[in-house]
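Structure first, commentary second.
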Amino acid sequence: MSSQRSKLRALQLAQPLTVQLELTYTCNWRCVFCYNPRHFDRTRLSGAEWIAVLDELRALGTLTIALTGGEPLAHPDFLAIARAARDRAFALRIFTNASLIDDRMASDIAALPPLAVEVSIHGATAAVHDAATAKPGSFEAALAGIGRLLERNVPVLMKTPVTSMNEHEIDGIVALSKRLDVDLQIDPHITPRDDGSLEPLQYAASRDAVRRVIAMGLGSGPIPSAERTKGGANCGIGRLTLAIDAEGNVFPCMQWRVRPIGNVREAPLRTMWHDSDVRRDVAAMAVEVNDALLSQGGALATYPFCPALAMQETGDPTVPDASFRIRAEIAAELRR
Amino acid sequence: MTPKIGPQVAWQIVDGEAIVVDLASGNTIGLNPAATFLWSQIDGRHDDSELIVALMTEFEVSPAEAEHDTRAFLDEMKGRTLIVDAQEPR
C-alpha cells in the first residue's frame, strides 16, 4: 500500500496518524507573536502520564508524534518521553527553539533518533531574531544548538514564520539555511493566539513579503494548492490528527481549541476518540468546509485552507479569514 | 538469521497493512498483508525458519512458497537496513 493510499485509508477509518503533544506551556523565550496564551503550566502531565498516553496512541494507530510546547525541552521528563516514543516505534519530530540543546542533549537526541528536529528561527541576524523572541542571546543559542545537532547528523528543519519584523531579511534567512545546510520552511503567515486573541496578527507580514515567500516555494511545495472533490474532506481534522495540551486536554487538531474532546486524566483516549461528538462534528465540518470552498470556486477553492484559523478570525470555520484570502489570491496570480 | 527491527525505523499498521518509515532517509514503504504479517512476527527472538512456519500456517501456503516469500521479504528488508540480524555483533 502506498503511503498516500494508507493516508486516505486512515482518513476513512478515522485513524489519527499524526499527533502533536504539547509537553509544556513553559518556554524560555517570549516571542511577541506566540500562539500560546500563557507560559506556565497549571497541572502539567508528568513523564509517566505522557508515557501512558503514548501506549494509548500506539494502540489507536498513530505513526508520527511531534513533541512541542512551549519549549518541549523545558519539560523535566522530555528525554524519557522522547525515548518512550521511539521505543514504541513512533516517527518522532521535535519542535524546539534549540537553545537548550547542549552537547549531552544533542547526543541523547541523536541516539533516539528523531525523524527531524524542527527549529524556530525568527531572523537572519541576532538583532531581528532576538527582538522577536524578546530574549537577548537567543539567536546565538539557537544556532549553537543547531550546530550540535548537525555535528551528530541529526536532520534539522529550520522554520521561520515571516512577519513584519523579519520580512526585510528573507534573503538572509535563505542564505542562513544554505550556510547551515539545513532545509528551510518559511510560513507565509502567523496565527492568532490559541485563546482566540488576534493580537499576534499585528505582526503579520506585508502582502509583498507573503507573495515573495509563496513564489519562492518555501512553504509546502512550489506553489501550494488544494485538490478538492465534492464530498471530500478539507483536512484531517477529527480523523487524521489529534493534539494533547500540557494539561491533558485532547483536541481534534493543534489549532482547533473551541472545545476539547476530553482529558486523558478522565477517560481512555480510545473511548473519547471514537465516541466523541466533538470529534465527529469537526470531521463533518471538514467536509462542509471543503464543499463550501468548492462552490465558491476560483482562488479560494485551490489553496490549502485551515478552518480552525478561520474560526478564530471570523467566528465561522466555513468563512475564509483575510489572511487566507490574501494567500489564496497570491497563489492563484502566481499560477497564471 | 534472527531478524530484529532496525534502530532507525518507525512503523504503524493501517487497515492490516504496515507503513514503515526509514528514519535515516525519510522514505516510507507500504507492506502487503503477508509482508505485514511477517513484519509483525519480527521480535529479535524468532529466526527465519520459525517465520517460514508461521507464514505457512497463517496463509495456508506450501512450505516452498512460504520459504521463498519469507526469504525474499527478509532479504529486501535487510537490504534496506529496516531489519538487522539480532545474532550479529553490531
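For the C-alpha cells, the naming scheme is as follows: chains receive sequential letters (A, B, ...) according to their order of presentation, residues are indexed from 1 within each chain, and ligands are indexed from 1 in presentation order.
Omitting Leu31 in chain B and its sequence neighbours fewer than 2 positions away, and counting only C-alpha atoms, the residues within 9 Å are Met1 and Ser2 of chain A; Glu17, Ala18, Ile19, Val20, Ile29, Pro33, Ala34, Ala35, Thr36 and Trp39 of chain B.
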Residue list (strand (DSSP E or B), DSSP) for range 58-284 of chain A, as a VMD selection string: chain A and resid 64 to 69 91 to 96 116 to 120 156 to 161 163 183 to 187 204 241 to 244 249 to 251 262 to 263
Take the selection from the previous step and output its residues with N, CA and C atoms, as a compact mmCIF listing (two decimals), in the first residue's frame.
```txt
# COMPACT_ATOMS: atom_id res chain seq x y z
N THR A 64 3.12 9.13 13.68
CA THR A 64 4.06 10.24 13.90
C THR A 64 3.65 11.05 15.13
N ILE A 65 4.62 11.25 16.00
CA ILE A 65 4.42 12.06 17.20
C ILE A 65 5.30 13.30 17.08
N ALA A 66 4.73 14.46 17.27
CA ALA A 66 5.53 15.68 17.36
C ALA A 66 5.51 16.16 18.81
N LEU A 67 6.69 16.33 19.38
CA LEU A 67 6.79 16.88 20.73
C LEU A 67 6.99 18.38 20.61
N THR A 68 6.07 19.14 21.19
CA THR A 68 6.12 20.58 21.03
C THR A 68 5.79 21.24 22.36
N GLY A 69 5.62 22.56 22.33
CA GLY A 69 5.32 23.28 23.56
C GLY A 69 4.57 24.55 23.23
N ALA A 91 7.44 7.54 14.63
CA ALA A 91 8.31 8.51 13.97
C ALA A 91 8.21 9.78 14.81
N LEU A 92 9.35 10.31 15.19
CA LEU A 92 9.36 11.40 16.17
C LEU A 92 9.87 12.70 15.56
N ARG A 93 9.08 13.74 15.74
CA ARG A 93 9.52 15.09 15.39
C ARG A 93 9.61 15.90 16.67
N ILE A 94 10.60 16.77 16.74
CA ILE A 94 10.76 17.62 17.91
C ILE A 94 10.73 19.08 17.45
N PHE A 95 9.75 19.84 17.94
CA PHE A 95 9.65 21.26 17.60
C PHE A 95 10.28 22.05 18.76
N THR A 96 11.38 22.70 18.51
CA THR A 96 12.14 23.31 19.60
C THR A 96 12.77 24.63 19.16
N ALA A 116 13.04 14.25 12.52
CA ALA A 116 13.58 15.60 12.31
C ALA A 116 13.46 16.40 13.59
N VAL A 117 14.38 17.35 13.73
CA VAL A 117 14.25 18.37 14.77
C VAL A 117 13.95 19.67 14.03
N GLU A 118 12.82 20.27 14.37
CA GLU A 118 12.36 21.46 13.66
C GLU A 118 12.58 22.67 14.56
N VAL A 119 13.43 23.58 14.08
CA VAL A 119 13.91 24.67 14.94
C VAL A 119 13.36 26.02 14.46
N SER A 120 12.81 26.78 15.41
CA SER A 120 12.27 28.10 15.08
C SER A 120 13.40 29.12 15.04
N VAL A 156 17.83 18.50 10.62
CA VAL A 156 17.26 19.72 11.18
C VAL A 156 16.47 20.44 10.09
N LEU A 157 15.28 20.87 10.46
CA LEU A 157 14.48 21.73 9.59
C LEU A 157 14.38 23.09 10.26
N MET A 158 14.77 24.13 9.54
CA MET A 158 14.67 25.49 10.08
C MET A 158 13.31 26.05 9.70
N LYS A 159 12.57 26.54 10.68
CA LYS A 159 11.22 27.04 10.41
C LYS A 159 11.11 28.50 10.81
N THR A 160 10.61 29.30 9.90
CA THR A 160 10.53 30.74 10.13
C THR A 160 9.16 31.26 9.71
N PRO A 161 8.39 31.78 10.62
CA PRO A 161 7.19 32.49 10.18
C PRO A 161 7.59 33.90 9.71
N THR A 163 7.21 37.69 9.25
CA THR A 163 6.47 38.70 9.99
C THR A 163 6.91 40.09 9.53
N ASP A 183 17.31 22.18 5.67
CA ASP A 183 16.09 22.54 4.95
C ASP A 183 15.43 23.73 5.64
N LEU A 184 14.70 24.49 4.85
CA LEU A 184 14.06 25.70 5.37
C LEU A 184 12.58 25.70 5.02
N GLN A 185 11.76 26.07 5.97
CA GLN A 185 10.34 26.27 5.70
C GLN A 185 9.95 27.63 6.24
N ILE A 186 9.52 28.51 5.35
CA ILE A 186 9.04 29.82 5.80
C ILE A 186 7.52 29.83 5.72
N ASP A 187 6.89 30.01 6.84
CA ASP A 187 5.42 30.08 6.85
C ASP A 187 5.01 31.48 6.41
N ALA A 204 1.75 40.64 11.36
CA ALA A 204 1.62 39.99 10.05
C ALA A 204 2.51 40.69 9.02
N THR A 241 -5.70 13.73 12.63
CA THR A 241 -4.86 14.49 13.56
C THR A 241 -5.48 14.54 14.95
N LEU A 242 -4.62 14.77 15.90
CA LEU A 242 -5.04 14.87 17.29
C LEU A 242 -3.95 15.66 18.00
N ALA A 243 -4.35 16.44 18.99
CA ALA A 243 -3.36 17.19 19.76
C ALA A 243 -3.74 17.12 21.24
N ILE A 244 -2.72 17.05 22.06
CA ILE A 244 -2.96 17.00 23.51
C ILE A 244 -2.12 18.09 24.16
N ASN A 249 -5.63 17.99 27.97
CA ASN A 249 -6.81 18.22 27.15
C ASN A 249 -6.55 17.76 25.72
N VAL A 250 -7.51 17.04 25.16
CA VAL A 250 -7.36 16.45 23.84
C VAL A 250 -8.17 17.26 22.83
N PHE A 251 -7.53 17.67 21.73
CA PHE A 251 -8.20 18.44 20.69
C PHE A 251 -8.09 17.70 19.36
N GLY A 262 -11.87 15.78 25.28
CA GLY A 262 -11.88 15.26 26.64
C GLY A 262 -10.52 15.49 27.27
N ASN A 263 -10.25 14.79 28.37
CA ASN A 263 -8.96 14.92 29.03
C ASN A 263 -8.44 13.52 29.33
```
Write out as a PyMOL selection string all residues of range 74-315 of chain A that DSSP puts in alpha helix (DSSP H) for this structure's backbone.
chain A and resi 78-87+103-110+126-133+138-151+170-180+207-215+269-275+277-296+298-301+307-314
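If you take only C-alpha atoms and a cut-off of 7 Å, the residues of chain B that reach chain A are Gln8, Val9, Ala10, Trp11, Gln12, Ile13, Val14, Glu17, Ile19, Leu23, Gly26, Thr28, Ile29, Gly30, Leu31 and Asn32 of chain B.
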Expected file contents, prior selection, C-alpha atoms, as an mmCIF file, in the first residue's frame:
```
data_model
loop_
_atom_site.group_PDB
_atom_site.id
_atom_site.type_symbol
_atom_site.label_atom_id
_atom_site.label_comp_id
_atom_site.auth_asym_id
_atom_site.auth_seq_id
_atom_site.Cartn_x
_atom_site.Cartn_y
_atom_site.Cartn_z
ATOM 1 C CA GLN B 8 16.235 3.749 12.553
ATOM 2 C CA VAL B 9 12.708 2.570 11.824
ATOM 3 C CA ALA B 10 9.215 3.762 12.713
ATOM 4 C CA TRP B 11 6.080 1.884 11.746
ATOM 5 C CA GLN B 12 2.352 1.515 12.177
ATOM 6 C CA ILE B 13 -0.428 -0.581 10.669
ATOM 7 C CA VAL B 14 -3.287 0.938 8.681
ATOM 8 C CA GLU B 17 -1.054 -3.135 6.065
ATOM 9 C CA ILE B 19 3.631 1.622 6.830
ATOM 10 C CA LEU B 23 14.235 7.479 9.637
ATOM 11 C CA GLY B 26 12.787 9.748 5.492
ATOM 12 C CA THR B 28 8.238 5.371 3.600
ATOM 13 C CA ILE B 29 7.208 1.995 2.209
ATOM 14 C CA GLY B 30 3.938 0.106 2.432
ATOM 15 C CA LEU B 31 3.787 -3.654 3.045
ATOM 16 C CA ASN B 32 1.137 -6.043 1.715
#
```
Item to complete: Just give me the gap between CA of Met165 in chain A and CA of Val128 in chain A in Å, one decimal is fine.
Response: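 Computing the Euclidean distance for CA of Met165 in chain A and CA of Val128 in chain A yields 6.8 Å.
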Report as a ChimeraX atom specification all protein, DNA and RNA residues lying within 8 Å of Phe324 in chain A, evaluated on only C-alpha atoms, omitting residues in the same chain fewer than 4 positions from it.
/A:305,320,328
Correct to one decimal, the distance CA of Asp108 in chain A-CA of Ala142 in chain A is 17.3 Å
*Near range 101-107 of chain A, within 7 Å and counting only C-alpha atoms, which residues show up once chain neighbours fewer than 3 positions away are dropped, as a list in words?*
Ala98, Ala110, Ala111, Gly145, Arg148, Leu149 and Arg152 of chain A
I want to know what sits within 9 Å of Phe73 in chain B, based on only C-alpha atoms, with residues of the same chain fewer than 4 positions away left out; could you give that as a PyMOL selection string? chain B and resi 35+38+68-69+77-78
With N, CA and C atoms retained, could you export that selection as a CSV table (one decimal), in the first residue's frame?
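Dumped everything to again.csv:
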```csv
chain,number,residue,atom,x,y,z
B,35,ALA,N,3.4,-9.6,4.0
B,35,ALA,CA,4.6,-8.9,4.5
B,35,ALA,C,4.4,-8.3,5.8
B,38,LEU,N,4.5,-11.0,8.4
B,38,LEU,CA,5.9,-11.3,8.8
B,38,LEU,C,6.5,-10.2,9.6
B,68,HIS,N,10.2,-19.3,0.1
B,68,HIS,CA,10.6,-18.3,-0.9
B,68,HIS,C,10.2,-16.9,-0.5
B,69,ASP,N,8.9,-16.8,-0.1
B,69,ASP,CA,8.4,-15.5,0.2
B,69,ASP,C,9.0,-14.9,1.4
B,77,MET,N,14.1,-6.4,3.2
B,77,MET,CA,14.2,-5.6,4.4
B,77,MET,C,15.6,-5.4,4.9
B,78,LYS,N,16.4,-6.4,4.8
B,78,LYS,CA,17.8,-6.3,5.3
B,78,LYS,C,18.6,-5.4,4.4
```
Give me the residues within 7 Å of range 40-43 of chain B as a ChimeraX atom specification, counting only C-alpha atoms and dropping any in the same chain fewer than 2 places off. /B:3-5,36-38,45-46
Dump C-alpha atoms for the selected residues as a PDB file, in the first residue's frame?
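result.pdb, written as the output of this step:
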```
ATOM      1  CA  PRO B   3      15.618 -10.687  12.413  1.00  0.00           C
ATOM      2  CA  LYS B   4      15.087  -7.644  14.569  1.00  0.00           C
ATOM      3  CA  ILE B   5      13.581  -4.312  13.526  1.00  0.00           C
ATOM      4  CA  THR B  36       2.797  -7.133   7.281  1.00  0.00           C
ATOM      5  CA  PHE B  37       2.201 -10.465   8.983  1.00  0.00           C
ATOM      6  CA  LEU B  38       5.906 -11.303   8.771  1.00  0.00           C
ATOM      7  CA  ARG B  45      13.818 -13.876  19.113  1.00  0.00           C
ATOM      8  CA  HIS B  46      12.219 -15.904  16.308  1.00  0.00           C
TER       9      HIS B  46
END
```
9 Å contact set for Glu49 in chain A, only C-alpha atoms, chain neighbours under 3 positions out, as a VMD selection string:
chain A and resid 45 to 46 52 to 54 248 264 to 265
